[in-house]
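Here is the file entry_38.pdb (PDB, C-alpha atoms).
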```
ATOM      1  CA  SER W   1      10.052  14.981  -6.239
ATOM      2  CA  SER W   2      10.545  11.856  -4.180
ATOM      3  CA  SER W   3      11.584  10.716  -0.742
ATOM      4  CA  THR W   4      13.342   7.583   0.403
ATOM      5  CA  ILE W   5      13.316   5.783   3.735
ATOM      6  CA  LEU W   6      16.270   3.439   4.229
ATOM      7  CA  TYR W   7      16.057   0.913   7.045
ATOM      8  CA  GLY W   8      18.232  -1.958   5.859
ATOM      9  CA  ASP W   9      19.594  -2.587   9.381
ATOM     10  CA  ASN W  10      16.617  -3.568  11.539
ATOM     11  CA  THR W  11      18.467  -4.283  14.792
ATOM     12  CA  TRP W  12      17.207  -1.040  16.354
ATOM     13  CA  ALA W  13      13.622  -2.323  16.136
ATOM     14  CA  ALA W  14      14.250  -5.907  17.226
ATOM     15  CA  ALA W  15      14.928  -5.393  20.920
ATOM     16  CA  GLY W  16      14.086  -8.612  22.741
ATOM     17  CA  GLY W  17      14.088 -10.651  19.521
ATOM     18  CA  SER W  18      10.459  -9.932  18.689
ATOM     19  CA  ASP W  19       8.750 -11.927  15.930
ATOM     20  CA  TYR W  20       6.812  -8.797  14.861
ATOM     21  CA  VAL W  21       9.224  -5.978  14.029
ATOM     22  CA  ARG W  22       8.729  -2.503  12.583
ATOM     23  CA  LEU W  23      11.028  -2.264   9.580
ATOM     24  CA  ALA W  24      10.231   1.216   8.247
ATOM     25  CA  THR W  25       8.174   4.245   9.156
ATOM     26  CA  ILE W  26       7.141   7.489   7.500
ATOM     27  CA  ALA W  27       5.860   9.701  10.289
ATOM     28  CA  ASP W  28       4.679  12.559   8.059
ATOM     29  CA  ALA W  29       4.016  11.545   4.450
ATOM     30  CA  GLY W  30       3.211  15.165   3.577
ATOM     31  CA  SER W  31       6.586  16.545   4.644
ATOM     32  CA  GLY W  32       7.938  18.327   1.586
ATOM     33  CA  THR W  33       4.862  17.222  -0.415
ATOM     34  CA  PRO W  34       6.698  14.426  -2.305
ATOM     35  CA  ALA W  35       5.185  12.655  -5.309
ATOM     36  CA  TYR W  36       6.032   9.292  -3.729
ATOM     37  CA  TRP W  37       7.733   7.598  -0.807
ATOM     38  CA  ASP W  38      10.061   4.601  -1.136
ATOM     39  CA  MET W  39      10.669   1.983   1.547
ATOM     40  CA  THR W  40      13.875   0.373   0.316
ATOM     41  CA  SER W  41      15.804  -2.668   1.584
ATOM     42  CA  VAL W  42      12.914  -3.830   3.774
ATOM     43  CA  PHE W  43      11.978  -7.197   2.180
ATOM     44  CA  SER W  44      14.365 -10.092   2.773
ATOM     45  CA  SER W  45      14.410 -13.795   3.626
ATOM     46  CA  THR W  46      14.348 -12.895   7.351
ATOM     47  CA  TYR W  47      10.572 -12.445   7.309
ATOM     48  CA  LYS W  48       7.880 -14.261   5.338
ATOM     49  CA  PHE W  49       4.858 -12.028   6.025
ATOM     50  CA  TYR W  50       4.726  -8.235   6.048
ATOM     51  CA  LYS W  51       2.028  -5.804   7.183
ATOM     52  CA  LEU W  52       1.772  -2.256   5.833
ATOM     53  CA  TYR W  53      -0.418   0.332   7.567
ATOM     54  CA  GLY W  54      -1.290   3.785   6.189
ATOM     55  CA  ASP W  55      -3.098   6.276   8.425
ATOM     56  CA  SER W  56      -4.893   9.598   7.712
ATOM     57  CA  LEU W  57      -3.744   9.701   4.075
ATOM     58  CA  THR W  58      -4.545  12.656   1.807
ATOM     59  CA  SER W  59      -3.095  14.197  -1.340
ATOM     60  CA  ASN W  60      -3.258  17.649  -2.917
ATOM     61  CA  GLY W  61      -6.313  16.715  -5.002
ATOM     62  CA  THR W  62      -8.810  13.944  -5.676
ATOM     63  CA  ASN W  63      -6.422  11.034  -6.232
ATOM     64  CA  LYS W  64      -6.241   7.276  -5.637
ATOM     65  CA  ILE W  65      -3.601   5.450  -3.608
ATOM     66  CA  GLN W  66      -1.181   3.096  -5.387
ATOM     67  CA  VAL W  67       1.412   0.697  -3.945
ATOM     68  CA  SER W  68       4.099  -0.856  -6.162
ATOM     69  CA  PHE W  69       7.125  -3.107  -5.633
ATOM     70  CA  LEU W  70      10.780  -2.077  -5.763
ATOM     71  CA  VAL W  71      13.756  -4.258  -6.678
ATOM     72  CA  GLY W  72      17.048  -2.672  -5.692
ATOM     73  CA  GLY W  73      15.385   0.747  -5.597
ATOM     74  CA  THR W  74      13.802   0.411  -9.074
ATOM     75  CA  GLU W  75      10.004   0.533  -9.324
ATOM     76  CA  GLN W  76       8.551  -2.569 -10.980
ATOM     77  CA  THR W  77       6.234  -1.442 -13.798
ATOM     78  CA  ALA W  78       7.129  -3.778 -16.677
ATOM     79  CA  SER W  79       4.302  -6.224 -15.841
ATOM     80  CA  ASP W  80       0.737  -5.838 -14.586
ATOM     81  CA  TYR W  81      -0.562  -5.679 -11.023
ATOM     82  CA  TYR W  82      -3.804  -7.693 -11.187
ATOM     83  CA  ARG W  83      -6.544  -7.256  -8.597
ATOM     84  CA  LYS W  84     -10.008  -8.298  -7.515
ATOM     85  CA  SER W  85     -11.726  -5.832  -5.175
ATOM     86  CA  LEU W  86     -15.116  -5.611  -3.494
ATOM     87  CA  ILE W  87     -16.112  -2.008  -2.788
ATOM     88  CA  GLY W  88     -18.919  -0.770  -0.540
ATOM     89  CA  TYR W  89     -19.974   2.835  -1.054
ATOM     90  CA  GLY W  90     -22.714   5.372  -0.357
ATOM     91  CA  ASN W  91     -23.559   8.228   1.972
ATOM     92  CA  GLN W  92     -24.142   7.706   5.691
ATOM     93  CA  GLY W  93     -27.633   6.293   5.070
ATOM     94  CA  THR W  94     -27.112   4.102   1.973
ATOM     95  CA  PHE W  95     -24.977   1.151   0.905
ATOM     96  CA  SER W  96     -24.122  -0.222  -2.533
ATOM     97  CA  LEU W  97     -21.643  -2.874  -3.669
ATOM     98  CA  GLN W  98     -19.324  -2.805  -6.650
ATOM     99  CA  TYR W  99     -17.052  -5.614  -7.880
ATOM    100  CA  GLU W 100     -13.829  -4.343  -9.431
ATOM    101  CA  PRO W 101     -11.485  -6.620 -11.355
ATOM    102  CA  GLY W 102      -8.614  -4.822 -12.995
ATOM    103  CA  ASN W 103      -4.961  -4.507 -13.844
ATOM    104  CA  THR W 104      -2.404  -1.741 -14.268
ATOM    105  CA  THR W 105       1.370  -1.448 -14.422
ATOM    106  CA  ALA W 106       1.270   1.383 -11.846
ATOM    107  CA  GLY W 107       0.701  -0.769  -8.715
ATOM    108  CA  PHE W 108      -1.945  -2.193  -6.393
ATOM    109  CA  VAL W 109      -4.923   0.100  -5.684
ATOM    110  CA  PRO W 110      -6.170  -0.768  -2.166
ATOM    111  CA  VAL W 111      -9.301   1.406  -2.463
ATOM    112  CA  GLY W 112      -9.937   0.400  -6.082
ATOM    113  CA  ASN W 113     -10.677   3.159  -8.579
ATOM    114  CA  TRP W 114     -12.123   5.382  -5.848
ATOM    115  CA  LYS W 115     -10.287   8.538  -4.915
ATOM    116  CA  ASN W 116      -9.955  10.502  -1.696
ATOM    117  CA  ASP W 117     -10.867  14.186  -1.758
ATOM    118  CA  SER W 118      -8.384  16.520  -0.113
ATOM    119  CA  GLY W 119      -9.539  18.693   2.763
ATOM    120  CA  ASP W 120     -12.051  16.176   4.199
ATOM    121  CA  LEU W 121     -11.876  15.163   7.849
ATOM    122  CA  TYR W 122     -12.616  11.568   6.766
ATOM    123  CA  LYS W 123      -9.220  10.503   5.430
ATOM    124  CA  SER W 124      -7.996   7.318   3.725
ATOM    125  CA  ASN W 125      -6.531   4.433   5.698
ATOM    126  CA  VAL W 126      -4.924   1.267   4.325
ATOM    127  CA  GLU W 127      -3.884  -2.130   5.648
ATOM    128  CA  MET W 128      -1.982  -4.492   3.338
ATOM    129  CA  THR W 129      -0.440  -7.955   3.794
ATOM    130  CA  PHE W 130       2.432  -9.174   1.598
ATOM    131  CA  PHE W 131       3.320 -12.860   1.357
ATOM    132  CA  ASN W 132       7.038 -13.700   1.044
ATOM    133  CA  PRO W 133       7.703 -10.841  -1.423
ATOM    134  CA  ASN W 134      11.483 -11.443  -1.520
ATOM    135  CA  ASP W 135      10.973 -14.939  -3.000
ATOM    136  CA  ASN W 136      10.968 -15.005  -6.818
ATOM    137  CA  SER W 137       9.782 -18.612  -7.166
ATOM    138  CA  ALA W 138       6.176 -17.411  -7.529
ATOM    139  CA  TYR W 139       4.233 -14.215  -8.270
ATOM    140  CA  ASN W 140       4.103 -11.792  -5.342
ATOM    141  CA  GLU W 141       0.624 -11.586  -3.824
ATOM    142  CA  ALA W 142      -1.049  -9.105  -1.500
ATOM    143  CA  PHE W 143      -4.334  -8.729   0.406
ATOM    144  CA  TRP W 144      -5.726  -5.346   1.490
ATOM    145  CA  TYR W 145      -8.402  -3.255   3.164
ATOM    146  CA  GLY W 146      -8.852   0.456   2.565
ATOM    147  CA  ASN W 147     -11.237   3.388   2.772
ATOM    148  CA  ALA W 148     -11.692   6.756   1.098
ATOM    149  CA  ASN W 149     -14.089   9.698   1.039
ATOM    150  CA  GLN W 150     -15.052  10.716  -2.481
ATOM    151  CA  GLY W 151     -17.202  13.808  -2.387
ATOM    152  CA  THR W 152     -18.780  15.408   0.659
ATOM    153  CA  SER W 153     -20.757  12.296   1.666
ATOM    154  CA  GLU W 154     -19.502   9.364  -0.448
ATOM    155  CA  MET W 155     -18.013   6.938   2.055
ATOM    156  CA  VAL W 156     -16.021   4.133   0.400
ATOM    157  CA  SER W 157     -14.651   0.933   1.930
ATOM    158  CA  GLY W 158     -12.900  -1.806  -0.014
ATOM    159  CA  SER W 159     -11.115  -5.127   0.334
ATOM    160  CA  GLY W 160      -9.277  -7.186  -2.214
ATOM    161  CA  ALA W 161      -6.341  -9.266  -3.322
ATOM    162  CA  GLY W 162      -3.925  -9.233  -6.207
ATOM    163  CA  TYR W 163      -0.545 -10.199  -7.573
ATOM    164  CA  TYR W 164       2.295  -8.799  -9.656
ATOM    165  CA  SER W 165       2.517 -10.814 -12.882
ATOM    166  CA  ALA W 166       6.286 -11.308 -12.983
ATOM    167  CA  ALA W 167       8.494 -13.426 -10.725
ATOM    168  CA  ILE W 168      10.600 -10.891  -8.825
ATOM    169  CA  ALA W 169      12.497 -10.823  -5.531
ATOM    170  CA  ALA W 170      11.019  -7.572  -4.243
ATOM    171  CA  THR W 171      13.172  -5.566  -1.843
ATOM    172  CA  GLY W 172      10.818  -2.671  -1.091
ATOM    173  CA  LEU W 173       7.689  -0.630  -1.806
ATOM    174  CA  ARG W 174       6.757   2.649  -3.473
ATOM    175  CA  LEU W 175       3.783   4.512  -1.944
ATOM    176  CA  LYS W 176       2.138   7.093  -4.207
ATOM    177  CA  TYR W 177      -1.035   8.605  -5.613
ATOM    178  CA  ASP W 178      -2.010   8.196  -9.276
ATOM    179  CA  SER W 179      -1.320  11.934  -9.598
ATOM    180  CA  GLY W 180      -0.470  14.803  -7.305
ATOM    181  CA  THR W 181       1.590  14.805  -4.128
ATOM    182  CA  TRP W 182       1.196  13.771  -0.493
ATOM    183  CA  LEU W 183      -0.400  16.185   1.972
ATOM    184  CA  THR W 184      -0.854  14.141   5.157
ATOM    185  CA  GLY W 185      -0.503  10.668   6.558
ATOM    186  CA  SER W 186       1.852   8.134   8.074
ATOM    187  CA  TRP W 187       3.054   4.695   6.928
ATOM    188  CA  ASN W 188       4.464   1.789   8.933
ATOM    189  CA  LEU W 189       5.773  -1.563   7.661
ATOM    190  CA  TYR W 190       6.219  -4.612   9.913
ATOM    191  CA  GLY W 191       7.864  -7.964   9.294
ATOM    192  CA  MET W 192       6.651 -11.219  10.867
ATOM    193  CA  LYS W 193       8.863 -14.243  11.446
ATOM    194  CA  THR W 194       7.485 -17.745  10.990
ATOM    195  CA  SER W 195      10.071 -19.696  13.006
TER     196      SER W 195
END
```
Would you encode the structure as structure tokens?
Amino acid sequence: SSSTILYGDNTWAAAGGSDYVRLATIADAGSGTPAYWDMTSVFSSTYKFYKLYGDSLTSNGTNKIQVSFLVGGTEQTASDYYRKSLIGYGNQGTFSLQYEPGNTTAGFVPVGNWKNDSGDLYKSNVEMTFFNPNDNSAYNEAFWYGNANQGTSEMVSGSGAGYYSAAIAATGLRLKYDSGTWLTGSWNLYGMKTS
């Protein structure tokens, strides 16, 4: 199952001509327990930088968050999403570091290979920045921060950067887990003008 959010006309959000405009929102990612959410028709030449925020995210199992590009509603999986991530993990009294390079055709993984257990009060949160994703003159890049809770006391926090290894004019995003369906959470995408 899937769900789609269409916000191609952004005039409702741009009252006052703001340079920082909410382009799409998913207030309850768990509504209907979809396998993924699409934000379509949100990337354009109007904005150069985009911020994506995910809050209180959980799935129906122990799964990892993935974010992939759309072009005209089609998920981009023909090339690899490359990443470099630095992950801090441990229980409340310990701290270890792990460096994670990697690639997959499934999308960016803002908490690396770590997964969030369902049913925990400590939920996943994500912040991602996209740089001119509607421009196909270069590979689309992203930076991110994210957290997860793997196990009853395994707190995980990660940051990283990556790119999609094909020149595409992305028009949207797909938000998903590597398996399972959404249980809770909200997503908001904002566009930022540069002139």
Residue members of the PyMOL selection byres ((chain W and resi 74) around 10) in the file shown, as a short mmCIF file (atom, residue, chain, number, x, y, z; two decimals) with C-alpha atoms, keeping the file's coordinate frame:
```cif
data_model
loop_
_atom_site.label_atom_id
_atom_site.label_comp_id
_atom_site.auth_asym_id
_atom_site.auth_seq_id
_atom_site.Cartn_x
_atom_site.Cartn_y
_atom_site.Cartn_z
CA ASP W 38 10.06 4.60 -1.14
CA THR W 40 13.88 0.37 0.32
CA PHE W 69 7.12 -3.11 -5.63
CA LEU W 70 10.78 -2.08 -5.76
CA VAL W 71 13.76 -4.26 -6.68
CA GLY W 72 17.05 -2.67 -5.69
CA GLY W 73 15.38 0.75 -5.60
CA GLU W 75 10.00 0.53 -9.32
CA GLN W 76 8.55 -2.57 -10.98
CA THR W 77 6.23 -1.44 -13.80
CA ALA W 170 11.02 -7.57 -4.24
CA THR W 171 13.17 -5.57 -1.84
CA GLY W 172 10.82 -2.67 -1.09
CA LEU W 173 7.69 -0.63 -1.81
CA ARG W 174 6.76 2.65 -3.47
#
```
Point to revise | Target residues per the PyMOL selection byres ((chain W and resi 180) around 6), formatted as a PyMOL selection string | key: chain W and resi 60+179+181
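Atom CA of W:Lys193 is found 4.8 Å from atom CA of W:Tyr47.
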Practice item. Evaluate the PyMOL selection byres ((chain W and resi 49) around 7) and record the selected residues as a list in words, following the chain and residue labels used in the document. Key: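 Applied to this file, the PyMOL selection byres ((chain W and resi 49) around 7) returns Tyr47, Lys48, Tyr50, Lys51, Phe130, Phe131, Asn132, Gly191 and Met192 of chain W.
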Write out as JSON lines a residue-level contact list of stretch 143-170 of chain W versus stretch 113-123 of chain W with cut-off 6 Å: for each qualifying residue the closest pair of atoms and the distance in Å to one decimal, counting only C-alpha atoms, rows sorted by chain and residue number upward.
```
{"residue": "W:Ala148", "atom": "CA", "partner": "W:Asn116", "partner_atom": "CA", "distance": 5.0}
{"residue": "W:Asn149", "atom": "CA", "partner": "W:Asn116", "partner_atom": "CA", "distance": 5.0}
{"residue": "W:Gln150", "atom": "CA", "partner": "W:Asn116", "partner_atom": "CA", "distance": 5.2}
```
Store the residues picked out above in a file with C-alpha atoms, as a short mmCIF file (atom, residue, chain, number, x, y, z; two decimals), in the coordinates of the input.
```cif
data_model
loop_
_atom_site.label_atom_id
_atom_site.label_comp_id
_atom_site.auth_asym_id
_atom_site.auth_seq_id
_atom_site.Cartn_x
_atom_site.Cartn_y
_atom_site.Cartn_z
CA ALA W 148 -11.69 6.76 1.10
CA ASN W 149 -14.09 9.70 1.04
CA GLN W 150 -15.05 10.72 -2.48
#
```
Point to revise | Distance of atom CA of W:Glu100 from atom CA of W:Glu154, expressed in Å to one decimal place | key: 17.3 Å
Study note, to complete from the structure: Correct to one decimal, the distance atom CA of W:Gly146-atom CA of W:Ser44 is 25.5 Å
Practice item. Find the residue from W:Ala106, W:Ala35, W:Ala138, W:Ala27 that sits nearest to W:Lys176; use only C-alpha atoms when measuring. Key: W:Ala35
**Study point:** W:Tyr53 environment, 12 Å, all atoms listed in the file, sequence neighbours closer than 5 positions dropped, as a list in words
**Key:**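 Final neighbour list, sorted by chain and number: Arg22, Leu23, Ala24, Thr25, Ile26, Ala27, Val67, Pro110, Ser124, Asn125, Val126, Glu127, Met128, Thr129, Phe130, Trp144, Tyr145, Gly146, Leu175, Gly185, Ser186, Trp187, Asn188, Leu189, Tyr190 and Gly191 of chain W.
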Point to revise | Polymer residues at most 6 Å from W:Asp80, all atoms listed in the file, same-chain spacing of 5 or more positions, as a list in words | key: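 What passes the distance filter is Asn103, Thr104, Thr105, Tyr164 and Ser165 of chain W.
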Review point. Hey, what's within 6 Å of W:Gly88 if we count all atoms listed in the file and toss same-chain stuff fewer than 6 positions away? As a list in words, please?
Key: Ser96, Leu97, Val156 and Ser157 of chain W
Practice item. Tell me which of W:Leu52, W:Asn140, W:Phe108, W:Met155 sits closest to W:Phe95, counting all atoms listed in the file. Key: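 Under the stated criterion, the closest residue is W:Met155.
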